[in-house]
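These notes concern the structure reproduced below.
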Amino acid sequence: MALDSSVSVKQFLSKLDLLKQGAEARVYRAMFLGKPTIVKERFPKLYRHPILDEKLTHRRTVQEVRAILRCRKAGISAPVVYFVDYNSHAIFLEDIVGSITVRDHIASTQLSQTKPGEQLDLLAKKIGQILARMHDEDVVHGDLTTSNMLLRTSADNGEMDLVLIDFGLSYISALPEDKGVDMYVLEKAFLSTHPNTEALFEKLLKSYTASSKKSTAVIKKLNEVRLRGRKRSMVG
Amino acid sequence: MHLTQRLELFPDHAVTQLLFRDVKNAAELRKKAMEGEINGALINPAMIVMPFQVLVAANKAVHLQKIGKMKTRSLNSEIIFNLSPTNNISEAFKRFGISDNDNAVHIVLVHSVDEDHVADTVAKVDGQQLQVDQVSTLTDTDKIKKLFRVTPKEGNLLDAVVCRMATKDVVAQH
(Lines give C-alpha, C1' and ligand atoms only; values in the text may rest on other atoms or scores of the structure.)
Protein backbone atom coordinates (compact mmCIF):
# COMPACT_ATOMS: atom_id res chain seq x y z
CA MET A 1 0.00 0.00 0.00
CA ALA A 2 2.79 2.34 0.90
CA LEU A 3 4.37 1.30 -2.36
CA ASP A 4 1.37 2.57 -4.27
CA SER A 5 2.01 6.20 -3.59
CA SER A 6 5.79 5.92 -3.81
CA VAL A 7 5.30 4.55 -7.27
CA SER A 8 3.11 7.52 -8.18
CA VAL A 9 5.70 10.00 -6.98
CA LYS A 10 8.53 8.16 -8.72
CA GLN A 11 6.55 7.96 -11.93
CA PHE A 12 5.81 11.62 -11.68
CA LEU A 13 9.44 12.51 -11.05
CA SER A 14 10.77 10.33 -13.86
CA LYS A 15 9.03 12.56 -16.38
CA LEU A 16 10.38 15.81 -15.00
CA ASP A 17 13.30 18.12 -15.64
CA LEU A 18 16.08 17.26 -13.25
CA LEU A 19 17.45 20.59 -12.09
CA LYS A 20 20.32 19.26 -10.07
CA GLN A 21 21.55 16.23 -8.23
CA GLY A 22 23.46 16.60 -5.04
CA ALA A 23 24.86 14.05 -2.65
CA GLU A 24 21.72 14.35 -0.60
CA ALA A 25 18.83 14.89 -2.95
CA ARG A 26 17.61 15.35 -6.49
CA VAL A 27 15.84 18.57 -7.33
CA TYR A 28 13.21 18.75 -10.07
CA ARG A 29 11.06 21.45 -11.58
CA ALA A 30 7.40 20.75 -12.29
CA MET A 31 3.89 22.11 -12.41
CA PHE A 32 1.92 20.90 -9.44
CA LEU A 33 -1.72 21.71 -8.84
CA GLY A 34 -1.36 24.58 -11.27
CA LYS A 35 1.67 26.15 -9.64
CA PRO A 36 5.34 26.13 -10.63
CA THR A 37 6.93 23.81 -8.11
CA ILE A 38 10.31 22.50 -7.04
CA VAL A 39 10.39 18.90 -5.89
CA LYS A 40 13.25 17.92 -3.63
CA GLU A 41 13.58 14.17 -3.39
CA ARG A 42 15.93 12.66 -0.85
CA PHE A 43 16.76 9.37 -2.43
CA PRO A 44 17.84 6.27 -0.47
CA LYS A 45 21.55 6.02 0.15
CA LEU A 46 22.58 2.47 -0.51
CA TYR A 47 25.90 2.87 1.23
CA ARG A 48 24.09 3.35 4.51
CA HIS A 49 22.48 0.73 6.66
CA PRO A 50 18.83 0.80 5.55
CA ILE A 51 17.31 1.41 8.97
CA LEU A 52 19.70 4.25 9.67
CA ASP A 53 19.16 5.64 6.20
CA GLU A 54 15.42 5.76 6.69
CA LYS A 55 15.73 7.45 10.08
CA LEU A 56 18.26 9.99 8.86
CA THR A 57 16.44 10.81 5.67
CA HIS A 58 13.17 11.19 7.48
CA ARG A 59 14.75 13.42 10.11
CA ARG A 60 16.40 15.63 7.50
CA THR A 61 13.11 16.02 5.66
CA VAL A 62 11.28 16.96 8.85
CA GLN A 63 13.97 19.40 9.94
CA GLU A 64 13.95 21.10 6.58
CA VAL A 65 10.22 21.57 6.61
CA ARG A 66 10.14 22.81 10.22
CA ALA A 67 12.89 25.33 9.57
CA ILE A 68 11.07 26.73 6.56
CA LEU A 69 7.84 27.16 8.49
CA ARG A 70 9.63 28.72 11.43
CA CYS A 71 11.37 31.22 9.18
CA ARG A 72 8.19 32.11 7.34
CA LYS A 73 6.36 32.72 10.60
CA ALA A 74 9.08 35.17 11.54
CA GLY A 75 8.60 37.06 8.30
CA ILE A 76 11.64 35.65 6.50
CA SER A 77 10.99 34.79 2.87
CA ALA A 78 11.38 31.10 2.18
CA PRO A 79 9.59 28.91 -0.36
CA VAL A 80 6.06 27.83 0.60
CA VAL A 81 5.77 24.11 1.29
CA TYR A 82 2.93 22.66 -0.76
CA PHE A 83 3.17 18.96 0.07
CA VAL A 84 5.47 16.53 1.83
CA ASP A 85 5.58 12.84 0.97
CA TYR A 86 7.20 11.14 3.94
CA ASN A 87 7.30 7.86 2.05
CA SER A 88 9.54 8.91 -0.77
CA HIS A 89 10.94 11.83 1.28
CA ALA A 90 9.96 14.33 -1.35
CA ILE A 91 9.20 17.94 -0.54
CA PHE A 92 7.06 19.90 -2.97
CA LEU A 93 7.89 23.60 -2.65
CA GLU A 94 7.12 26.88 -4.30
CA ASP A 95 9.34 27.58 -7.28
CA ILE A 96 10.53 31.16 -6.92
CA VAL A 97 10.20 32.23 -10.53
CA GLY A 98 11.88 35.29 -11.90
CA SER A 99 14.68 35.17 -9.37
CA ILE A 100 18.44 35.00 -9.51
CA THR A 101 20.83 33.74 -6.92
CA VAL A 102 22.71 36.33 -4.90
CA ARG A 103 25.79 34.59 -6.20
CA ASP A 104 24.94 35.39 -9.82
CA HIS A 105 23.82 38.88 -8.90
CA ILE A 106 27.09 39.71 -7.19
CA ALA A 107 29.10 38.19 -10.01
CA SER A 108 27.28 40.09 -12.73
CA THR A 109 27.25 43.34 -10.75
CA GLN A 110 30.99 43.12 -10.27
CA LEU A 111 31.50 42.63 -13.96
CA SER A 112 29.14 45.27 -15.28
CA GLN A 113 29.35 48.14 -12.82
CA THR A 114 32.18 50.58 -12.45
CA LYS A 115 31.42 51.04 -8.78
CA PRO A 116 29.95 47.71 -7.73
CA GLY A 117 30.50 48.56 -4.08
CA GLU A 118 27.59 50.91 -3.73
CA GLN A 119 25.09 48.62 -5.43
CA LEU A 120 26.07 45.70 -3.32
CA ASP A 121 26.20 47.57 -0.02
CA LEU A 122 22.43 47.59 0.17
CA LEU A 123 22.37 43.88 -0.55
CA ALA A 124 24.91 43.15 2.18
CA LYS A 125 22.81 45.19 4.59
CA LYS A 126 19.69 43.23 3.71
CA ILE A 127 21.41 39.88 4.06
CA GLY A 128 22.72 40.87 7.48
CA GLN A 129 19.23 41.86 8.57
CA ILE A 130 17.59 38.67 7.37
CA LEU A 131 20.20 36.41 8.93
CA ALA A 132 19.86 38.33 12.18
CA ARG A 133 16.14 37.70 12.17
CA MET A 134 16.67 34.03 11.37
CA HIS A 135 19.17 33.53 14.17
CA ASP A 136 16.95 35.43 16.57
CA GLU A 137 14.34 32.76 15.79
CA ASP A 138 16.99 30.19 16.73
CA VAL A 139 17.06 28.76 13.21
CA VAL A 140 20.52 27.73 12.07
CA HIS A 141 20.56 27.37 8.29
CA GLY A 142 23.53 25.04 8.09
CA ASP A 143 24.47 25.77 4.51
CA LEU A 144 24.68 29.50 4.08
CA THR A 145 26.09 30.35 0.69
CA THR A 146 25.23 32.97 -1.88
CA SER A 147 23.76 30.21 -4.04
CA ASN A 148 21.20 29.54 -1.34
CA MET A 149 19.88 33.09 -1.36
CA LEU A 150 17.57 34.29 -4.10
CA LEU A 151 16.70 37.80 -5.17
CA ARG A 152 13.22 38.28 -6.48
CA THR A 153 11.43 41.45 -7.51
CA SER A 154 8.63 41.87 -5.03
CA ALA A 155 5.16 42.08 -6.53
CA ASP A 156 3.98 44.83 -4.18
CA ASN A 157 6.60 47.51 -4.43
CA GLY A 158 9.14 46.49 -7.03
CA GLU A 159 11.80 46.15 -4.37
CA MET A 160 14.16 43.24 -4.34
CA ASP A 161 13.05 40.56 -1.91
CA LEU A 162 15.64 38.20 -0.43
CA VAL A 163 14.52 34.57 -0.26
CA LEU A 164 16.41 31.90 1.64
CA ILE A 165 16.35 28.40 0.21
CA ASP A 166 17.76 24.93 0.85
CA PHE A 167 17.12 24.35 4.51
CA GLY A 168 18.27 20.76 4.18
CA LEU A 169 20.91 21.08 6.85
CA SER A 170 19.01 23.37 9.17
CA TYR A 171 18.20 22.81 12.77
CA ILE A 172 16.86 24.70 15.74
CA SER A 173 19.48 25.97 18.17
CA ALA A 174 19.86 28.85 20.56
CA LEU A 175 23.60 28.36 20.97
CA PRO A 176 25.78 31.28 19.84
CA GLU A 177 28.38 28.69 18.82
CA ASP A 178 26.02 27.18 16.25
CA LYS A 179 25.05 30.58 14.92
CA GLY A 180 28.67 31.65 14.85
CA VAL A 181 29.53 28.58 12.79
CA ASP A 182 26.59 29.39 10.50
CA MET A 183 28.12 32.81 9.84
CA TYR A 184 31.56 31.29 9.44
CA VAL A 185 30.27 28.95 6.76
CA LEU A 186 28.82 31.95 4.96
CA GLU A 187 32.04 33.90 5.31
CA LYS A 188 34.10 31.09 3.84
CA ALA A 189 31.64 30.56 0.98
CA PHE A 190 31.32 34.28 0.35
CA LEU A 191 35.02 35.07 0.22
CA SER A 192 35.93 32.05 -1.85
CA THR A 193 33.16 32.59 -4.40
CA HIS A 194 33.44 36.34 -4.71
CA PRO A 195 36.96 37.77 -4.88
CA ASN A 196 37.72 41.08 -3.20
CA THR A 197 34.58 41.21 -1.12
CA GLU A 198 36.08 41.39 2.36
CA ALA A 199 34.74 44.89 2.90
CA LEU A 200 31.33 43.86 1.65
CA PHE A 201 31.18 40.96 4.07
CA GLU A 202 32.20 43.29 6.88
CA LYS A 203 29.19 45.44 6.03
CA LEU A 204 27.04 42.32 6.15
CA LEU A 205 28.32 41.52 9.62
CA LYS A 206 27.80 45.09 10.75
CA SER A 207 24.21 44.96 9.59
CA TYR A 208 23.78 41.59 11.31
CA THR A 209 25.18 42.97 14.56
CA ALA A 210 22.92 45.99 14.43
CA SER A 211 19.79 43.96 13.68
CA SER A 212 20.16 41.04 16.04
CA LYS A 213 19.41 41.15 19.71
CA LYS A 214 21.78 38.34 20.49
CA SER A 215 24.58 39.26 18.11
CA THR A 216 27.41 40.02 20.54
CA ALA A 217 27.74 36.44 21.69
CA VAL A 218 27.46 35.18 18.12
CA ILE A 219 30.17 37.47 16.77
CA LYS A 220 32.38 36.52 19.68
CA LYS A 221 31.98 32.87 18.73
CA LEU A 222 32.55 33.69 15.09
CA ASN A 223 35.90 35.21 15.97
CA GLU A 224 36.79 32.15 18.01
CA VAL A 225 35.82 29.83 15.17
CA ARG A 226 37.86 31.89 12.71
CA LEU A 227 40.90 31.28 14.84
CA ARG A 228 40.08 27.61 15.02
CA GLY A 229 39.78 26.92 11.29
CA ARG A 230 41.98 24.96 8.93
CA LYS A 231 45.57 25.99 8.38
CA ARG A 232 45.65 28.10 11.47
CA SER A 233 48.59 28.49 13.72
CA MET A 234 47.79 26.83 17.03
CA VAL A 235 49.80 29.36 18.96
CA GLY A 236 47.53 30.33 21.81
CA MET B 1 -18.03 27.93 -13.54
CA HIS B 2 -16.65 24.86 -11.86
CA LEU B 3 -12.93 24.16 -11.65
CA THR B 4 -11.35 20.81 -12.41
CA GLN B 5 -7.71 20.03 -11.79
CA ARG B 6 -6.00 16.75 -12.51
CA LEU B 7 -3.78 15.44 -9.74
CA GLU B 8 -0.30 15.12 -11.23
CA LEU B 9 0.74 12.51 -8.70
CA PHE B 10 -2.40 10.45 -9.24
CA PRO B 11 -3.07 10.86 -12.94
CA ASP B 12 -6.40 9.01 -12.97
CA HIS B 13 -7.78 11.32 -10.32
CA ALA B 14 -9.18 14.78 -10.70
CA VAL B 15 -10.59 17.32 -8.27
CA THR B 16 -13.62 19.37 -9.18
CA GLN B 17 -14.68 22.36 -7.13
CA LEU B 18 -18.06 24.08 -7.18
CA LEU B 19 -19.12 27.18 -5.33
CA PHE B 20 -22.61 28.30 -4.42
CA ARG B 21 -24.14 31.16 -2.46
CA ASP B 22 -27.71 31.96 -1.37
CA VAL B 23 -28.04 28.28 -0.63
CA LYS B 24 -31.43 27.37 0.83
CA ASN B 25 -31.00 23.64 1.38
CA ALA B 26 -27.77 23.30 3.31
CA ALA B 27 -29.31 20.81 5.73
CA GLU B 28 -30.48 18.60 2.88
CA LEU B 29 -27.06 18.78 1.22
CA ARG B 30 -25.36 17.79 4.44
CA LYS B 31 -27.64 14.79 4.75
CA LYS B 32 -26.96 13.77 1.16
CA ALA B 33 -23.24 14.06 1.70
CA MET B 34 -23.37 11.96 4.85
CA GLU B 35 -25.47 9.31 3.13
CA GLY B 36 -23.17 9.24 0.13
CA GLU B 37 -25.65 10.56 -2.40
CA ILE B 38 -23.24 13.42 -2.90
CA ASN B 39 -19.76 11.93 -2.95
CA GLY B 40 -17.91 15.04 -2.01
CA ALA B 41 -16.78 17.31 0.79
CA LEU B 42 -18.94 20.27 1.70
CA ILE B 43 -16.80 23.13 2.87
CA ASN B 44 -17.55 26.47 4.44
CA PRO B 45 -16.35 28.99 1.82
CA ALA B 46 -15.63 31.62 4.48
CA MET B 47 -12.59 29.53 5.42
CA ILE B 48 -11.22 29.27 1.89
CA VAL B 49 -8.79 31.88 0.63
CA MET B 50 -8.36 30.48 -2.87
CA PRO B 51 -9.14 27.22 -4.70
CA PHE B 52 -5.46 26.20 -4.53
CA GLN B 53 -5.88 25.67 -0.79
CA VAL B 54 -8.55 23.06 -1.50
CA LEU B 55 -6.35 21.33 -4.07
CA VAL B 56 -3.55 21.01 -1.55
CA ALA B 57 -5.95 19.43 0.96
CA ALA B 58 -7.39 17.07 -1.64
CA ASN B 59 -3.98 16.01 -2.93
CA LYS B 60 -2.80 15.18 0.56
CA ALA B 61 -6.01 13.27 1.25
CA VAL B 62 -5.65 11.10 -1.85
CA HIS B 63 -1.99 10.47 -1.03
CA LEU B 64 -2.81 9.36 2.51
CA GLN B 65 -5.66 7.20 1.29
CA LYS B 66 -3.33 5.45 -1.13
CA ILE B 67 -0.86 4.61 1.60
CA GLY B 68 -3.55 3.74 4.11
CA LYS B 69 -2.62 6.50 6.52
CA MET B 70 -5.69 8.73 6.60
CA LYS B 71 -6.55 10.13 9.99
CA THR B 72 -10.28 10.16 9.35
CA ARG B 73 -12.64 7.53 8.01
CA SER B 74 -13.24 8.70 4.47
CA LEU B 75 -11.55 10.63 1.70
CA ASN B 76 -14.06 13.44 1.95
CA SER B 77 -13.66 13.89 5.69
CA GLU B 78 -9.90 13.73 5.21
CA ILE B 79 -10.07 16.68 2.83
CA ILE B 80 -11.87 18.72 5.46
CA PHE B 81 -9.42 17.62 8.13
CA ASN B 82 -6.45 18.63 5.98
CA LEU B 83 -7.81 22.15 5.69
CA SER B 84 -7.52 22.63 9.44
CA PRO B 85 -4.36 23.87 11.16
CA THR B 86 -4.86 21.55 14.10
CA ASN B 87 -4.97 17.80 14.55
CA ASN B 88 -8.36 17.82 16.21
CA ILE B 89 -10.78 16.13 13.85
CA SER B 90 -14.09 17.29 15.30
CA GLU B 91 -12.84 20.84 15.48
CA ALA B 92 -11.93 20.63 11.81
CA PHE B 93 -15.42 19.49 10.86
CA LYS B 94 -16.99 22.22 12.93
CA ARG B 95 -14.90 25.01 11.49
CA PHE B 96 -14.42 23.91 7.89
CA GLY B 97 -17.53 21.86 7.24
CA ILE B 98 -20.95 23.39 6.72
CA SER B 99 -23.80 23.55 9.18
CA ASP B 100 -27.51 23.26 8.50
CA ASN B 101 -28.17 26.98 8.41
CA ASP B 102 -25.22 28.03 6.26
CA ASN B 103 -26.08 29.78 3.04
CA ALA B 104 -22.92 29.29 1.06
CA VAL B 105 -21.15 26.07 0.23
CA HIS B 106 -17.92 25.06 -1.50
CA ILE B 107 -18.21 21.53 -2.85
CA VAL B 108 -15.15 19.39 -3.59
CA LEU B 109 -15.44 16.22 -5.61
CA VAL B 110 -12.57 13.80 -6.09
CA HIS B 111 -13.28 11.54 -9.02
CA SER B 112 -11.64 9.67 -11.83
CA VAL B 113 -10.70 11.66 -14.88
CA ASP B 114 -13.45 10.34 -17.11
CA GLU B 115 -16.28 10.88 -14.63
CA ASP B 116 -18.35 14.04 -14.60
CA HIS B 117 -20.65 14.71 -11.70
CA VAL B 118 -20.97 18.42 -12.21
CA ALA B 119 -24.48 18.56 -13.64
CA ASP B 120 -25.76 16.05 -11.09
CA THR B 121 -24.34 18.00 -8.23
CA VAL B 122 -25.48 21.40 -9.44
CA ALA B 123 -29.00 20.02 -9.75
CA LYS B 124 -29.03 19.10 -6.08
CA VAL B 125 -28.10 22.57 -4.82
CA ASP B 126 -30.78 25.18 -4.29
CA GLY B 127 -28.61 28.21 -4.68
CA GLN B 128 -26.70 30.43 -7.04
CA GLN B 129 -23.56 29.01 -8.59
CA LEU B 130 -20.47 31.23 -8.67
CA GLN B 131 -17.14 31.00 -10.42
CA VAL B 132 -14.93 29.09 -8.02
CA ASP B 133 -12.27 31.74 -7.92
CA GLN B 134 -14.86 34.13 -6.57
CA VAL B 135 -14.56 32.32 -3.27
CA SER B 136 -12.35 35.20 -2.21
CA THR B 137 -15.46 37.36 -2.04
CA LEU B 138 -16.83 35.05 0.63
CA THR B 139 -13.61 34.67 2.60
CA ASP B 140 -13.56 35.71 6.23
CA THR B 141 -9.93 36.83 6.30
CA ASP B 142 -9.90 37.85 9.95
CA LYS B 143 -11.28 34.53 11.10
CA ILE B 144 -8.68 32.66 9.09
CA LYS B 145 -5.84 34.85 10.35
CA LYS B 146 -6.97 34.24 13.89
CA LEU B 147 -7.38 30.48 13.55
CA PHE B 148 -4.13 29.96 11.71
CA ARG B 149 -2.29 32.48 13.92
CA VAL B 150 -0.94 34.35 10.94
CA THR B 151 1.29 37.25 11.91
CA PRO B 152 1.26 40.47 9.84
CA LYS B 153 4.89 40.01 8.85
CA GLU B 154 4.07 36.79 7.06
CA GLY B 155 2.61 38.57 4.08
CA ASN B 156 0.46 36.54 1.72
CA LEU B 157 -2.42 34.78 3.51
CA LEU B 158 -2.76 31.91 1.05
CA ASP B 159 0.94 31.08 1.41
CA ALA B 160 0.71 31.14 5.19
CA VAL B 161 -2.33 28.86 5.23
CA VAL B 162 -1.01 26.37 2.66
CA CYS B 163 2.38 26.11 4.35
CA ARG B 164 0.77 25.29 7.67
CA MET B 165 -1.55 22.75 6.07
CA ALA B 166 1.37 21.03 4.40
CA THR B 167 3.55 20.90 7.50
CA LYS B 168 0.93 20.26 10.16
CA ASP B 169 2.04 16.68 10.87
CA VAL B 170 5.55 17.54 11.95
CA VAL B 171 5.15 20.92 13.50
CA ALA B 172 3.96 20.72 17.09
CA GLN B 173 0.58 22.35 17.41
CA HIS B 174 0.88 25.72 19.10
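Chain lettering (A, B, ...) mirrors the order of the C-alpha coordinates, residue numbering begins at 1 for each chain separately, and ligand numbering begins at 1 in order of display.
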
Inset, instruction - Name the residues in contact with Ser88 of chain A at a cut-off of 8 Å, using only C-alpha atoms, excluding same-chain residues fewer than 5 positions from it; report them as a ChimeraX atom specification. - result: /A:6,9,41-43

Inset, instruction - Show which residues sit within 8 Å of Asp17 of chain A, as a ChimeraX atom specification. Count only C-alpha atoms, and ignore same-chain residues fewer than 5 positions away. - result: /A:28-30

For those residues, write all heavy atoms to a file as a PDB file, in the first residue's frame.
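Result file follows (out_16.pdb):
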ATOM      1  N   TYR A  28      13.922  18.684  -8.787  1.00  0.00           N
ATOM      2  CA  TYR A  28      13.213  18.745 -10.066  1.00  0.00           C
ATOM      3  C   TYR A  28      12.346  19.990 -10.133  1.00  0.00           C
ATOM      4  O   TYR A  28      11.953  20.544  -9.118  1.00  0.00           O
ATOM      5  CB  TYR A  28      12.262  17.557 -10.218  1.00  0.00           C
ATOM      6  CG  TYR A  28      12.882  16.197 -10.117  1.00  0.00           C
ATOM      7  CD1 TYR A  28      13.117  15.620  -8.874  1.00  0.00           C
ATOM      8  CD2 TYR A  28      13.204  15.477 -11.252  1.00  0.00           C
ATOM      9  CE1 TYR A  28      13.659  14.356  -8.774  1.00  0.00           C
ATOM     10  CE2 TYR A  28      13.735  14.203 -11.162  1.00  0.00           C
ATOM     11  CZ  TYR A  28      13.967  13.648  -9.920  1.00  0.00           C
ATOM     12  OH  TYR A  28      14.501  12.391  -9.820  1.00  0.00           O
ATOM     13  N   ARG A  29      11.996  20.342 -11.377  1.00  0.00           N
ATOM     14  CA  ARG A  29      11.065  21.446 -11.577  1.00  0.00           C
ATOM     15  C   ARG A  29       9.808  20.859 -12.187  1.00  0.00           C
ATOM     16  O   ARG A  29       9.872  19.983 -13.043  1.00  0.00           O
ATOM     17  CB  ARG A  29      11.715  22.422 -12.554  1.00  0.00           C
ATOM     18  CG  ARG A  29      10.952  23.694 -12.737  1.00  0.00           C
ATOM     19  CD  ARG A  29      11.829  24.736 -13.392  1.00  0.00           C
ATOM     20  NE  ARG A  29      12.291  25.696 -12.397  1.00  0.00           N
ATOM     21  CZ  ARG A  29      13.402  26.404 -12.510  1.00  0.00           C
ATOM     22  NH1 ARG A  29      14.170  26.242 -13.559  1.00  0.00           N
ATOM     23  NH2 ARG A  29      13.742  27.239 -11.585  1.00  0.00           N
ATOM     24  N   ALA A  30       8.648  21.305 -11.741  1.00  0.00           N
ATOM     25  CA  ALA A  30       7.401  20.746 -12.286  1.00  0.00           C
ATOM     26  C   ALA A  30       6.252  21.708 -12.092  1.00  0.00           C
ATOM     27  O   ALA A  30       6.369  22.692 -11.370  1.00  0.00           O
ATOM     28  CB  ALA A  30       7.070  19.447 -11.566  1.00  0.00           C
TER      29      ALA A  30
END

Inset, instruction - Determine which residues of chain A sit within 7 Å of chain B, taking into account only C-alpha atoms, and present them as a PyMOL selection string. - result: chain A and resi 1-2+4-5+8-9+12+32-33+62+65-66+69+72-75+80-84

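Within the 10 Å cut-off around Asp178 of chain A, using only C-alpha atoms and omitting residues fewer than 6 positions from it on the same chain, the listed residues are His135, Asp138, Val139, Val140, His141, Gly142, Tyr171, Ile172, Tyr184, Val218, Lys221 and Leu222 of chain A.
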
Inset, instruction - Using DSSP on the backbone coordinates, identify the residues of chain B assigned to helix (DSSP H, G or I); present them as a ChimeraX atom specification. - result: /B:26-35,45-47,51-66,75-83,89-96,118-124,132-137,141-148,152-154,157-167

Legend entry - strand (DSSP E or B) call set, DSSP backbone run, segment 38-79 of chain A, as number ranges by chain: A: 38-41, 77

Legend entry - Which residue of A:Leu131, A:Leu150, A:Ala199, A:Ile106 approaches Ser215 of chain A most closely, using only C-alpha atoms: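 Among A:Leu131, A:Leu150, A:Ala199, A:Ile106, it is A:Leu131 that comes nearest to Ser215 of chain A.
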